[in-house]
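K.L.:
Here's a structure for you.
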Amino acid sequence: MSLVKVENVYKSFNNAHALSGISLNLEANEKYVIQGTSGSGKSTLLYLIGGLDRPTKGSISIEDKSLADFDDESLALYRNIYVGFVFQFHFLLPSMNCLDNIFLPSKINGEKHPDLAKRVSDLAERLRITHCLKKYPFELSGGEQQRVNILRALSMKPKLLLCDEPTGNLDIENTNIVIKLLTELSNEFKSTLVVVTHNDKVASSFGKSFQIADGKLV
Ligand code: ADP
Ligand code: MG
């Protein structure tokens with residue numbers, strides 16, 4: 001069974017098509033790359049799969065449940081439970097220290113997550129950001145902020161880990177560290193990994209790749 005099924009999805013903004021009939025399947029526990037030039041629709045596709053927005057036409061289902069049947073509250077719950085997002089531009093709240101940023105997703109539906117604190121401290125060590133946790137985002141380098149983002153995205157052990165150009169503004173050394181960790185951690189957590197990237201070297205380190213041009217798969 002596919003984890004994610006995207007069927008003939010369109011997305012328009014003010015009558016302009018960002019996506020024009022995309023269909024694809026994502027299997028559980030696999031790794032995918034999405035490539036395409038700027039403006040081709042990569043982020044839009046990722047947001048729709050992650051339930052951050054809804055398609056204009058077509059359907060997206062997760063484990064055979066259509067996201068169209070979810071009201072806004074259920075969609076928020078889906079994002080919280082299933083999806084970890086690493087955004088292109090660091091999305092840490094500037095008014096909170098990194099640890100509070102990382103714990104934010106776990107606070108959303110009021111459930112207890114007994115092994116969370118230990119998982120966060122283990123992950124912080126592996127991502128080499130233990131020294132960053134009590135600091136505010138602006139006190140960190142770009143590479144450190146991105147690793148905090150990755151930790152936050154992984155903290156809930158998401159089935160789907162969606163990364164929008166996660167290495168876009170990192171140097172080669174940090175790019176290699178981030179890609180290696182994304183691969184290792186998605187293996188460990190059995191998360192399906194989807195990475196949007198411009199970087200051919202990053203793309204070649206993953207198995208399956210989708211190419212997007214003008215809102216269509218090519
Ligand atoms: P990519 O991530 O491949 O660079 P995007 O998915 O961000 O491309 O954008 C695809 C197209 O949709 C672009 O033409 C972009 O301007 C447009 N677009 C994306 N998001 C919005 C939005 N919120 N409002 C209006 N247009 C948008
Ligand atoms: Mg984009």
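We name chains A, B, ... following the order of the structure tokens; residues begin at 1 in each chain, and ligands are numbered from 1 as shown.
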Against ligand 2, which residues of chain A fall within 9 Å? For each one I want the closest pair of atoms and the distance in Å (one decimal), counting only C-alpha atoms and all ligand atoms, rows by chain and increasing residue number, as CSV.

P.N.:
```
residue,atom,partner,partner_atom_place_in_ligand_line,distance
A:Ser38,CA,ligand 2,1 (Mg),6.6
A:Gly39,CA,ligand 2,1 (Mg),6.8
A:Ser40,CA,ligand 2,1 (Mg),8.2
A:Gly41,CA,ligand 2,1 (Mg),7.0
A:Lys42,CA,ligand 2,1 (Mg),5.5
A:Ser43,CA,ligand 2,1 (Mg),4.1
A:Thr44,CA,ligand 2,1 (Mg),7.2
A:Leu46,CA,ligand 2,1 (Mg),8.9
A:Gln88,CA,ligand 2,1 (Mg),7.2
A:Asp164,CA,ligand 2,1 (Mg),6.7
A:Glu165,CA,ligand 2,1 (Mg),7.4
A:Val196,CA,ligand 2,1 (Mg),7.9
A:Thr197,CA,ligand 2,1 (Mg),8.9
```

K.L.:
Could you write out the selected residues, including C-alpha atoms, as a PDB file, in the first residue's frame?

P.N.:
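Result went into out17.pdb, see below:
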```pdb
ATOM      1  CA  SER A  38      12.631  27.759  -9.364  1.00  0.00           C
ATOM      2  CA  GLY A  39       8.894  28.379  -9.686  1.00  0.00           C
ATOM      3  CA  SER A  40       8.163  24.893 -11.068  1.00  0.00           C
ATOM      4  CA  GLY A  41       5.854  23.978  -8.172  1.00  0.00           C
ATOM      5  CA  LYS A  42       8.055  21.963  -5.813  1.00  0.00           C
ATOM      6  CA  SER A  43       7.175  23.786  -2.591  1.00  0.00           C
ATOM      7  CA  THR A  44       3.491  23.876  -3.533  1.00  0.00           C
ATOM      8  CA  LEU A  46       5.238  19.570  -0.662  1.00  0.00           C
ATOM      9  CA  GLN A  88      13.399  26.083   3.147  1.00  0.00           C
ATOM     10  CA  ASP A 164      12.104  21.856   1.283  1.00  0.00           C
ATOM     11  CA  GLU A 165      15.642  22.589   0.111  1.00  0.00           C
ATOM     12  CA  VAL A 196      13.272  19.056  -2.550  1.00  0.00           C
ATOM     13  CA  THR A 197      16.657  20.108  -3.845  1.00  0.00           C
TER      14      THR A 197
END
```

K.L.:
So that I can check the surroundings of segment 108-121 of chain A, please list as a ChimeraX atom specification every protein, DNA and RNA residue that reaches within 9 Å of it, counting only C-alpha atoms and ignoring chain neighbours fewer than 6 positions away.

P.N.:
/A:77,80,99,102,130,151-152,154-156

K.L.:
Skip Gly142 of chain A itself and residues of its chain fewer than 6 positions away, then list as number ranges by chain all residues within 9 Å of it, counting only C-alpha atoms.

P.N.:
A: 90, 169-170

K.L.:
Given the selection you just returned, output its residues as a file containing N, CA and C atoms, formatted as an mmCIF file, in the first residue's frame.

P.N.:
```cif
data_model
loop_
_atom_site.group_PDB
_atom_site.id
_atom_site.type_symbol
_atom_site.label_atom_id
_atom_site.label_comp_id
_atom_site.auth_asym_id
_atom_site.auth_seq_id
_atom_site.Cartn_x
_atom_site.Cartn_y
_atom_site.Cartn_z
ATOM 1 N N HIS A 90 14.453 28.815 7.576
ATOM 2 C CA HIS A 90 14.302 28.333 8.948
ATOM 3 C C HIS A 90 13.032 28.888 9.542
ATOM 4 N N ASN A 169 20.917 26.802 1.954
ATOM 5 C CA ASN A 169 21.868 27.859 2.317
ATOM 6 C C ASN A 169 22.961 27.362 3.250
ATOM 7 N N LEU A 170 23.385 26.124 3.009
ATOM 8 C CA LEU A 170 24.469 25.569 3.821
ATOM 9 C C LEU A 170 25.723 25.372 2.963
#
```

K.L.:
Tell me, as a list in words, which residues lie within 10 Å of Asn174 of chain A, counting only C-alpha atoms; anything in the same chain fewer than 3 positions away does not count.

P.N.:
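Returned residues: Gly142, Gly143, Glu144, Gln146, Arg147, Thr167, Asn169, Leu170, Asp171, Ile177, Val178, Ile179 and Lys180 of chain A.
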
K.L.:
How about saving the chosen residues, all heavy atoms kept, as a compact mmCIF listing (two decimals), in the first residue's frame?

P.N.:
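Saved the output as part09.txt:
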```txt
# COMPACT_ATOMS: atom_id res chain seq x y z
N GLY A 142 23.59 29.51 10.49
CA GLY A 142 22.59 28.93 9.59
C GLY A 142 22.55 27.41 9.69
O GLY A 142 21.49 26.79 9.73
N GLY A 143 23.73 26.80 9.74
CA GLY A 143 23.81 25.34 9.83
C GLY A 143 23.21 24.81 11.13
O GLY A 143 22.50 23.79 11.14
N GLU A 144 23.47 25.53 12.22
CA GLU A 144 22.91 25.12 13.51
C GLU A 144 21.39 25.27 13.51
O GLU A 144 20.66 24.38 13.98
CB GLU A 144 23.52 25.94 14.65
CG GLU A 144 24.97 25.58 14.95
CD GLU A 144 25.67 26.58 15.87
OE1 GLU A 144 25.22 27.74 15.98
OE2 GLU A 144 26.69 26.21 16.45
N GLN A 146 19.43 25.10 11.01
CA GLN A 146 18.82 24.06 10.18
C GLN A 146 18.78 22.72 10.92
O GLN A 146 17.83 21.97 10.82
CB GLN A 146 19.57 23.94 8.84
CG GLN A 146 18.84 23.14 7.78
CD GLN A 146 17.46 23.70 7.46
OE1 GLN A 146 16.64 23.95 8.34
NE2 GLN A 146 17.19 23.90 6.19
N ARG A 147 19.82 22.45 11.71
CA ARG A 147 19.82 21.20 12.49
C ARG A 147 18.78 21.24 13.61
O ARG A 147 18.19 20.22 13.94
CB ARG A 147 21.23 20.90 13.00
CG ARG A 147 22.10 20.28 11.89
CD ARG A 147 23.51 20.03 12.30
NE ARG A 147 24.31 21.24 12.21
CZ ARG A 147 25.38 21.50 12.95
NH1 ARG A 147 25.79 20.64 13.86
NH2 ARG A 147 26.05 22.62 12.79
N THR A 167 19.18 22.01 2.43
CA THR A 167 20.60 22.39 2.44
C THR A 167 20.85 23.63 1.59
O THR A 167 21.99 23.96 1.28
CB THR A 167 21.48 21.23 1.92
OG1 THR A 167 21.10 20.94 0.56
CG2 THR A 167 21.29 19.98 2.76
N ASN A 169 20.92 26.80 1.95
CA ASN A 169 21.87 27.86 2.32
C ASN A 169 22.96 27.36 3.25
O ASN A 169 23.40 28.06 4.14
CB ASN A 169 21.14 29.08 2.90
CG ASN A 169 19.96 28.64 3.74
OD1 ASN A 169 19.96 27.49 4.22
ND2 ASN A 169 18.98 29.49 3.93
N LEU A 170 23.38 26.12 3.01
CA LEU A 170 24.47 25.57 3.82
C LEU A 170 25.72 25.37 2.96
O LEU A 170 25.63 25.17 1.75
CB LEU A 170 24.05 24.22 4.40
CG LEU A 170 22.81 24.20 5.29
CD1 LEU A 170 22.57 22.80 5.81
CD2 LEU A 170 22.96 25.18 6.44
N ASP A 171 26.89 25.41 3.62
CA ASP A 171 28.12 25.12 2.88
C ASP A 171 28.23 23.59 2.67
O ASP A 171 27.41 22.83 3.16
CB ASP A 171 29.34 25.69 3.62
CG ASP A 171 29.46 25.14 5.03
OD1 ASP A 171 28.95 24.03 5.30
OD2 ASP A 171 30.05 25.82 5.88
N ILE A 177 26.69 16.82 6.24
CA ILE A 177 26.24 16.40 7.57
C ILE A 177 24.71 16.26 7.59
O ILE A 177 24.16 15.25 8.06
CB ILE A 177 26.67 17.43 8.66
CG1 ILE A 177 28.19 17.42 8.81
CG2 ILE A 177 26.00 17.13 10.00
CD1 ILE A 177 28.73 18.53 9.72
N VAL A 178 24.03 17.26 7.05
CA VAL A 178 22.57 17.27 7.09
C VAL A 178 21.99 16.10 6.28
O VAL A 178 21.08 15.39 6.74
CB VAL A 178 22.03 18.63 6.60
CG1 VAL A 178 20.57 18.55 6.19
CG2 VAL A 178 22.21 19.68 7.68
N ILE A 179 22.54 15.85 5.10
CA ILE A 179 22.00 14.77 4.26
C ILE A 179 22.25 13.41 4.92
O ILE A 179 21.37 12.53 4.94
CB ILE A 179 22.65 14.82 2.85
CG1 ILE A 179 22.16 16.07 2.12
CG2 ILE A 179 22.33 13.56 2.04
CD1 ILE A 179 20.67 16.19 1.96
N LYS A 180 23.42 13.25 5.50
CA LYS A 180 23.73 11.97 6.15
C LYS A 180 22.76 11.74 7.32
O LYS A 180 22.21 10.64 7.48
CB LYS A 180 25.18 12.03 6.65
CG LYS A 180 25.71 10.75 7.24
CD LYS A 180 27.24 10.79 7.31
CE LYS A 180 27.77 9.61 8.11
NZ LYS A 180 27.64 9.81 9.56
```

K.L.:
Between A:Gln211, A:Asn176, A:Ser2, A:Thr183, single out the one closest to Asp64 of chain A, counting only C-alpha atoms.

P.N.:
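Closest residue, counting only C-alpha atoms: A:Ser2.
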
K.L.:
Between A:Val86, A:Leu19, A:Leu193, A:Ile172, which residue has the minimum interatomic distance to Val148 of chain A, considering only C-alpha atoms?

P.N.:
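Smallest separation from Val148 of chain A among the options: A:Val86.
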
K.L.:
What are the DSSP helix (DSSP H, G or I) residues of segment 10-218 of chain A, as a PyMOL selection string?

P.N.:
chain A and resi 42-49+67-69+72-82+98-107+116-126+130-132+137-139+142-154+172-188+200-204

K.L.:
Closest to ligand 1 among A:Pro158, A:Gly84, A:Gly58, A:Gly168, using only C-alpha atoms and all ligand atoms?

P.N.:
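Nearest to ligand 1: A:Gly168.
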
K.L.:
Apply DSSP to the backbone of this structure and, from segment 26-66 of chain A, keep only the residues in strand (DSSP E); write these as a list in words.

P.N.:
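Going through segment 26-66 of chain A, the strand (DSSP E) residues come out as Leu26, Glu27, Lys31, Tyr32, Val33, Ile34, Gln35, Lys57, Gly58, Ser59, Ile60, Ser61, Ile62, Lys65 and Ser66 of chain A.
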
K.L.:
Name the closest residue to Leu3 of chain A among the candidates A:Lys65, A:His131, A:Arg126, A:His198; distances are taken between atoms, counting only C-alpha atoms.

P.N.:
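Ranking A:Lys65, A:His131, A:Arg126, A:His198 by distance to Leu3 of chain A, first place goes to A:Lys65.
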
K.L.:
May I ask which of the residues A:Asp122, A:Cys163, A:Ser205, A:Glu73 is the closest one to ligand 1, counting only C-alpha atoms and all ligand atoms?

P.N.:
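Selected residue with least distance to ligand 1: A:Cys163.
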